[in-house]
file query04.cif (mmCIF, C-alpha atoms)
data_run
loop_
_atom_site.label_atom_id
_atom_site.label_comp_id
_atom_site.auth_asym_id
_atom_site.auth_seq_id
_atom_site.Cartn_x
_atom_site.Cartn_y
_atom_site.Cartn_z
CA MET A 11 35.98 109.60 173.67
CA LEU A 12 34.13 106.42 172.80
CA VAL A 13 36.06 103.29 171.86
CA LEU A 14 34.20 100.44 170.21
CA GLN A 15 35.04 97.10 168.73
CA ARG A 16 33.38 95.95 165.55
CA LYS A 17 33.64 92.85 163.38
CA ILE A 18 33.65 92.85 159.59
CA GLY A 19 30.25 93.86 158.30
CA GLN A 20 29.22 95.63 161.50
CA SER A 21 28.39 99.33 161.57
CA ILE A 22 28.30 102.42 163.74
CA TYR A 23 25.84 105.32 163.48
CA LEU A 24 27.00 108.92 164.03
CA GLY A 25 23.80 110.83 164.61
CA ASP A 26 21.02 109.71 162.31
CA ASP A 27 22.70 110.28 158.98
CA ILE A 28 26.23 108.94 159.11
CA ILE A 29 26.94 105.23 158.98
CA ILE A 30 30.40 103.77 159.33
CA THR A 31 30.83 100.13 158.33
CA ILE A 32 33.84 97.84 158.63
CA GLN A 33 34.35 96.29 155.18
CA ASP A 34 37.54 94.38 155.66
CA ILE A 35 40.30 93.85 158.19
CA SER A 36 43.88 92.78 157.51
CA SER A 37 46.93 92.67 159.74
CA ASP A 38 47.83 96.31 159.19
CA LYS A 39 44.79 97.92 157.57
CA VAL A 40 41.09 98.28 158.05
CA LYS A 41 38.75 99.11 155.18
CA ILE A 42 35.93 101.37 156.27
CA SER A 43 32.92 102.61 154.33
CA ILE A 44 31.28 105.89 155.27
CA ASP A 45 27.74 106.66 154.25
CA ALA A 46 27.03 110.32 154.86
CA PRO A 47 25.09 113.27 153.44
CA LYS A 48 26.87 115.33 150.78
CA ASP A 49 27.40 118.25 153.12
CA VAL A 50 29.51 116.22 155.54
CA VAL A 51 33.19 116.60 154.78
CA ILE A 52 35.08 113.34 155.14
CA MET A 53 38.81 113.62 155.21
CA ARG A 54 41.78 111.41 155.94
CA GLU A 55 43.70 112.84 158.87
CA GLU A 56 46.81 113.50 156.84
CA LEU A 57 44.79 115.56 154.33
CA LYS A 58 43.55 117.68 157.19
CA GLN A 59 47.10 118.13 158.42
CA ALA A 60 48.25 118.96 154.92
CA ALA A 61 45.56 121.62 154.56
CA MET A 62 46.47 123.11 157.94
CA SER A 63 50.14 123.19 157.02
CA ASN A 64 49.36 125.04 153.81
CA LEU A 65 47.23 127.52 155.70
CA GLU A 66 50.00 128.19 158.21
CA ALA A 67 52.43 128.69 155.37
CA LEU A 68 50.40 131.67 154.16
CA SER A 69 51.39 133.80 157.11
CA ALA A 70 55.04 134.16 156.08
CA SER A 71 56.11 137.73 156.77
CA GLU A 72 58.46 139.79 154.60
CA ASP A 73 60.91 139.92 157.52
CA SER A 74 61.13 136.18 157.86
CA ILE A 75 61.62 135.87 154.11
CA ALA A 76 64.47 138.36 154.29
CA LEU A 77 66.12 136.19 156.97
CA LEU A 78 65.62 133.09 154.88
CA LYS A 79 67.19 134.72 151.85
CA LYS A 80 70.37 135.24 153.83
CA MET A 81 70.62 131.52 154.36
CA PHE A 82 70.69 130.95 150.62
CA GLN A 83 73.16 133.67 149.84
CA LYS A 84 76.68 132.50 149.25
CA MET B 16 49.55 140.19 131.68
CA GLU B 17 49.70 142.01 134.93
CA LEU B 18 49.61 140.29 138.29
CA GLU B 19 49.23 141.61 141.80
CA THR B 20 51.56 139.54 144.02
CA LYS B 21 52.03 139.11 147.73
CA TYR B 22 55.77 139.79 147.97
CA PHE B 23 56.71 141.35 144.65
CA SER B 24 54.01 144.01 144.18
CA THR B 25 52.86 144.12 140.58
CA LEU B 26 54.50 141.91 137.99
CA GLN B 27 54.14 141.04 134.35
CA TYR B 28 53.79 137.41 133.39
CA GLU B 29 53.18 135.32 130.28
CA GLU B 30 50.44 132.72 129.98
CA ASP B 31 53.04 130.07 129.15
CA GLU B 32 54.65 130.60 132.57
CA VAL B 33 51.50 129.52 134.34
CA ILE B 34 51.66 126.25 136.25
CA PHE B 35 48.33 124.45 136.42
CA PHE B 36 47.25 122.43 139.46
CA PRO B 37 44.14 120.48 138.35
CA GLU B 38 43.39 119.66 141.98
CA GLY B 39 44.69 122.87 143.51
CA LEU B 40 46.58 122.48 146.78
CA PHE B 41 45.39 120.79 149.97
CA GLY B 42 42.82 123.08 151.56
CA PHE B 43 43.07 125.35 148.51
CA GLU B 44 41.48 123.18 145.89
CA SER B 45 39.99 126.06 143.94
CA TYR B 46 43.35 127.74 143.35
CA GLN B 47 44.70 126.11 140.22
CA ARG B 48 46.83 128.67 138.44
CA PHE B 49 50.19 129.74 139.81
CA ILE B 50 53.47 131.16 138.66
CA LEU B 51 56.92 130.59 140.12
CA ILE B 52 58.88 133.66 141.19
CA ARG B 53 62.48 133.49 142.37
CA PHE B 54 63.26 135.39 145.54
CA GLU B 55 66.87 135.75 144.46
CA ASN B 56 67.64 136.05 140.79
CA GLN B 57 70.57 133.71 140.68
CA ASN B 58 69.08 131.09 142.92
CA THR B 59 66.38 128.53 142.15
CA SER B 60 66.41 127.05 145.63
CA LEU B 61 64.07 129.64 147.15
CA ILE B 62 60.91 130.16 145.16
CA CYS B 63 57.54 131.78 145.60
CA LEU B 64 54.48 129.88 144.36
CA GLN B 65 52.15 132.77 143.58
CA SER B 66 48.50 132.34 142.72
CA VAL B 67 47.53 134.13 139.54
CA ASP B 68 43.98 134.54 140.79
CA GLU B 69 44.51 135.86 144.30
CA ALA B 70 47.42 138.03 145.41
CA ASN B 71 47.41 136.81 149.01
CA ILE B 72 47.70 133.15 148.08
CA ALA B 73 51.44 132.78 147.79
CA PHE B 74 53.70 130.13 149.28
CA VAL B 75 57.40 130.19 150.07
CA MET B 76 59.01 127.02 148.78
CA ILE B 77 62.49 125.61 148.87
CA ASN B 78 64.21 123.07 146.72
CA PRO B 79 64.55 120.30 149.32
CA TYR B 80 67.48 118.67 147.49
CA HIS B 81 69.54 121.73 148.27
CA PHE B 82 69.71 120.47 151.86
CA LEU B 83 68.60 116.87 151.62
CA PRO B 84 70.15 115.29 148.54
CA LYS B 85 68.64 111.97 149.56
CA TYR B 86 65.07 113.23 149.83
CA GLU B 87 62.98 110.58 148.14
CA VAL B 88 59.68 111.37 146.54
CA ALA B 89 57.67 108.43 145.27
CA LEU B 90 55.92 109.92 142.27
CA PRO B 91 52.43 108.68 141.46
CA GLU B 92 52.54 106.30 138.49
CA ASP B 93 50.63 108.49 136.10
CA GLU B 94 52.82 111.50 136.66
CA GLY B 95 55.05 110.91 133.66
CA ASN B 96 58.80 111.04 133.51
CA PRO B 97 60.49 111.71 136.88
CA GLU B 98 63.25 113.49 135.05
CA GLU B 99 60.78 116.11 133.91
CA SER B 100 59.62 116.75 137.46
CA ALA B 101 60.69 119.57 139.72
CA VAL B 102 60.04 119.02 143.41
CA TYR B 103 59.60 121.76 145.99
CA THR B 104 58.51 121.87 149.60
CA ILE B 105 56.32 124.56 151.10
CA CYS B 106 57.73 126.31 154.17
CA VAL B 107 56.10 127.71 157.27
CA LEU B 108 58.23 130.68 158.28
CA GLN B 109 58.67 131.70 161.88
CA GLU B 110 60.42 134.65 163.50
CA SER B 111 63.76 132.90 163.24
CA VAL B 112 65.08 130.73 160.45
CA PRO B 113 66.01 127.68 162.59
CA GLU B 114 62.43 127.53 163.86
CA SER B 115 60.94 127.71 160.38
CA THR B 116 59.88 124.42 158.88
CA ALA B 117 59.62 122.68 155.54
CA ASN B 118 56.73 120.36 154.72
CA LEU B 119 58.55 117.27 153.56
CA ARG B 120 55.42 115.15 153.73
CA CYS B 121 53.48 117.07 151.10
CA PRO B 122 55.82 118.16 148.32
CA ILE B 123 54.80 120.09 145.26
CA VAL B 124 55.61 118.20 142.07
CA ILE B 125 55.74 120.15 138.82
CA ASN B 126 56.10 118.60 135.39
CA THR B 127 58.41 121.06 133.72
CA LYS B 128 57.30 120.02 130.23
CA THR B 129 53.52 120.10 130.61
CA ARG B 130 53.47 122.71 133.39
CA LEU B 131 50.97 120.51 135.21
CA ALA B 132 51.50 120.22 138.95
CA LYS B 133 50.11 118.69 142.07
CA GLN B 134 50.71 118.56 145.77
CA ILE B 135 51.10 114.98 146.94
CA ILE B 136 51.18 113.32 150.35
CA LEU B 137 54.01 110.86 150.75
CA GLU B 138 53.38 107.50 152.38
CA ASN B 139 56.72 107.73 154.15
CA THR B 140 55.87 108.95 157.63
CA GLU B 141 59.52 109.61 158.36
CA TYR B 142 59.09 112.82 156.41
CA PRO B 143 57.24 115.20 158.72
CA PHE B 144 54.80 118.00 157.91
CA LYS B 145 57.18 120.27 159.80
CA TYR B 146 60.85 119.56 159.32
CA PRO B 147 62.77 122.28 161.18
CA PHE B 148 65.28 124.35 159.27
CA LYS B 149 67.71 123.94 162.11
CA ASP B 150 67.98 120.31 161.04
CA LEU B 151 68.32 121.29 157.39
CA ILE B 152 71.22 123.68 157.76
CA PRO B 153 74.46 121.75 157.28
CA LYS B 154 76.76 121.73 160.24
CA GLU B 155 80.16 123.29 159.85
CA GLY B 156 83.18 121.01 159.45
#

call {"tool": "encode", "arguments": {"input": "query04.cif", "output": "structure tokens"}}
result
Amino acid sequence: MLVLQRKIGQSIYLGDDIIITIQDISSDKVKISIDAPKDVVIMREELKQAAMSNLEALSASEDSIALLKKMFQK
Amino acid sequence: MELETKYFSTLQYEEDEVIFFPEGLFGFESYQRFILIRFENQNTSLICLQSVDEANIAFVMINPYHFLPKYEVALPEDEGNPEESAVYTICVLQESVPESTANLRCPIVINTKTRLAKQIILENTEYPFKYPFKDLIPKEG
């Protein structure tokens, strides 16, 4: 794990093709630009988590649904 | 039209039942057409979001307000009238109900008039991706 400090306007290279640049810094946010080839997927962490959650949701078994139904029955 | 489903074998559906997600769902961006199927006929709190294009793409959703009347969803500004919106949360089911979870962070918002829908990510980090059912079930008394 590499930890760096950068000032506004400074950049970081990932490999030869990906350039991360600090655009702006405020008290609670940093604006970052990412210059990368089209085949590199860039994703906010919460989008990744959201996608993983959806994927996990696909494995619902009929048995677990039957149990869940009981909870809704009055 | 006929549809092969994940939990309901083969069903008939009408084109005007189809809900359209222009952006698909997170991680499933190419799946845009879904229908809603109730698991229990008299109950709209437990619903299956079934892809029209792929039988295996089906999500179990609950109406979060059934358990959390104060669940707040900040709708994106261009999403039209909040009163026309139906909100559901996708569930990850485990072996036991208390261990199953609801994704309160990424609800599904459906405009009941236009039948357009999207999955959104809420800014409110107090709503987790995995809210356990054991915390949803009201305590007795």

call {"tool": "interface_residues", "arguments": {"input": "query04.cif", "of": "chain A", "to": "chain B", "cutoff": "9 Å", "atoms": "only C-alpha atoms", "output": "MDAnalysis selection string"}}
result
chainID A and resid 56:75 77:79 81:83

call {"tool": "write_last_selection", "arguments": {"input": "query04.cif", "atoms": "C-alpha atoms", "output": "PDB file, in the coordinates of the input"}}
result
ATOM      1  CA  GLU A  56      46.810 113.500 156.840  1.00  0.00           C
ATOM      2  CA  LEU A  57      44.790 115.560 154.330  1.00  0.00           C
ATOM      3  CA  LYS A  58      43.550 117.680 157.190  1.00  0.00           C
ATOM      4  CA  GLN A  59      47.100 118.130 158.420  1.00  0.00           C
ATOM      5  CA  ALA A  60      48.250 118.960 154.920  1.00  0.00           C
ATOM      6  CA  ALA A  61      45.560 121.620 154.560  1.00  0.00           C
ATOM      7  CA  MET A  62      46.470 123.110 157.940  1.00  0.00           C
ATOM      8  CA  SER A  63      50.140 123.190 157.020  1.00  0.00           C
ATOM      9  CA  ASN A  64      49.360 125.040 153.810  1.00  0.00           C
ATOM     10  CA  LEU A  65      47.230 127.520 155.700  1.00  0.00           C
ATOM     11  CA  GLU A  66      50.000 128.190 158.210  1.00  0.00           C
ATOM     12  CA  ALA A  67      52.430 128.690 155.370  1.00  0.00           C
ATOM     13  CA  LEU A  68      50.400 131.670 154.160  1.00  0.00           C
ATOM     14  CA  SER A  69      51.390 133.800 157.110  1.00  0.00           C
ATOM     15  CA  ALA A  70      55.040 134.160 156.080  1.00  0.00           C
ATOM     16  CA  SER A  71      56.110 137.730 156.770  1.00  0.00           C
ATOM     17  CA  GLU A  72      58.460 139.790 154.600  1.00  0.00           C
ATOM     18  CA  ASP A  73      60.910 139.920 157.520  1.00  0.00           C
ATOM     19  CA  SER A  74      61.130 136.180 157.860  1.00  0.00           C
ATOM     20  CA  ILE A  75      61.620 135.870 154.110  1.00  0.00           C
ATOM     21  CA  LEU A  77      66.120 136.190 156.970  1.00  0.00           C
ATOM     22  CA  LEU A  78      65.620 133.090 154.880  1.00  0.00           C
ATOM     23  CA  LYS A  79      67.190 134.720 151.850  1.00  0.00           C
ATOM     24  CA  MET A  81      70.620 131.520 154.360  1.00  0.00           C
ATOM     25  CA  PHE A  82      70.690 130.950 150.620  1.00  0.00           C
ATOM     26  CA  GLN A  83      73.160 133.670 149.840  1.00  0.00           C
TER      27      GLN A  83
END

call {"tool": "resolve_selection", "arguments": {"input": "query04.cif", "expression": "the PyMOL selection byres ((chain B and resi 102) around 9)", "output": "list of chain:residue names"}}
result
B:Ile77, B:Asn78, B:Pro79, B:Tyr80, B:Val88, B:Ser100, B:Ala101, B:Tyr103, B:Thr104, B:Pro122, B:Ile123, B:Val124, B:Ile125, B:Asn126

call {"tool": "resolve_selection", "arguments": {"input": "query04.cif", "expression": "the PyMOL selection byres ((chain B and resi 29-34) around 9)", "output": "ChimeraX atom specification"}}
result
/B:16-17,27-28,35-36,47-51,67,125-127,129-132

call {"tool": "residues_around", "arguments": {"input": "query04.cif", "residues": "Ile18 of chain A", "least_positions_apart": "4", "cutoff": "12 Å", "atoms": "all atoms listed in the file", "output": "MDAnalysis selection string"}}
result
chainID A and resid 22 30:36 40:43

call {"tool": "closest_residue", "arguments": {"input": "query04.cif", "among": "B:Leu64, B:Leu26, B:Ala89, B:Leu151", "to": "Ile52 of chain B", "atoms": "all atoms listed in the file"}}
result
B:Leu64

call {"tool": "atom_distance", "arguments": {"input": "query04.cif", "atom1": "atom CA of Tyr142 of chain B", "atom2": "atom CA of Tyr86 of chain B"}}
result
8.9 Å

call {"tool": "atom_distance", "arguments": {"input": "query04.cif", "atom1": "atom CA of Arg53 of chain B", "atom2": "atom CA of Ala70 of chain B"}}
result
16.0 Å

call {"tool": "atom_distance", "arguments": {"input": "query04.cif", "atom1": "atom CA of Asp150 of chain B", "atom2": "atom CA of Lys85 of chain B"}}
result
14.2 Å
